[in-house]
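Q: Structure below; questions to follow.
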Amino acid sequence: THFGGQVLAIGGLSLGGQIAVEMLSQRKDICRYALIESALVKPSKLTAAMIGPTFGMSYGLVKQKWFAKLQADYLGIPRSLFDDYFRDTCGITKQNLIAFLRANSLYSVKDSLANCLSEVYIFVGQRENQAMQTSAKKIHEKLQRSFLQILPGMYHGEFSINYADDYVQKVKKILKKH
């Protein structure tokens with residue numbers, strides 16, 4: 001009603017970032033602003049092929065608290081969010097986990113993304129792997145109205161998860177333009 005069929009802003013981290021990119025690719029006027037953090041758009045067939053066997057054999061570990069703590073530490077998830085992380089992770093079936101991870105590793109940016117009319121802010125950690133940094137640059141190159149920020153010293157998803165107050169301030173600053 002207020003935005004003529006649009007939303008003011010969308011955002012996403014990692015898999016959520018891929019979903020946001022796909023939304024922008026499918027509907028050029030879906031929103032006025034978008035924030036994308038650490039979205040992989042560089043497909044890896046090798047990774048996709050290894051996901052089924054690897055996670056098929058090791059899925060039981062996901063539901064072990066000691067293993068989940070190792071994973072959370074590796075992902076940089078703060079201790080204060082561990083219980084939520086563990087609960088959510090345990091709720092994912094093996095079949096869905098494999099499907100998510102395969103889709104994540106095979107996703108590629110669509111040419112139609114270049115038609116997007118939104119103002120897009122792209123964030124990637126300076127300490128993320130090369131595929132993630134290449135992905136951020138690919139997204140930025142496709143979008144005329146985009147801004148790429150490489151976050152010094154940060155790993156995957158660290159901005160919105162570990163520096164949530166700074167992230168919210170960034171969102172507020174972007175939305176003040178409206």
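By convention here, the chains of the structure tokens are called A, B, ... in the order presented, each chain's residues are numbered starting at 1, and ligands are numbered starting at 1 in the order presented.
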Using only C-alpha atoms, which residues sit within 10 Å of stretch 118-135 of chain A once same-chain residues fewer than 6 positions away are excluded, as a ChimeraX atom specification?
A: /A:8-11,13-14,17,21,24,28-44,108-109,141,143-160,170-171,174
Q: What parts of chain A does DSSP call strand (DSSP E)? I'd like the answer as a PyMOL selection string.
A: chain A and resi 7-13+31-37+119-125+146-151
Q: Taking 5 positions as the minimum chain separation for residues in the same chain, which residues sit within 9 Å of stretch 90-96 of chain A when counting only C-alpha atoms? Answer as a list in words.
A: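 Using only C-alpha atoms, the neighbours found are Phe55, Gly56, Tyr59, Gly60, Val62, Lys63, Gln64, Tyr85 and Leu101 of chain A.
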Q: With distances taken over only C-alpha atoms, which of A:Ile161, A:Ala20, A:Leu113, A:Leu175 is nearest to A:Leu81?
A: A:Ile161
Q: Please run DSSP on the backbone and report, as a PyMOL selection string, all residues within stretch 87-125 of chain A that come out as alpha helix (DSSP H).
A: chain A and resi 87-90+94-106
Q: Quick one: distance from atom CA of A:Ser112 to atom CA of A:Ala99 in Å, one decimal?
A: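 These two atoms are separated by 24.5 Å.
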Q: Hey, can you check how far atom CA of A:Ala114 sits from atom CA of A:Gln6?
A: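 So the answer is 18.2 Å.
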Q: Which residue gives the smallest distance to A:Leu106 among A:Ala48, A:Ala164, A:Val7, A:Ala136, with only C-alpha atoms counted?
A: A:Ala48
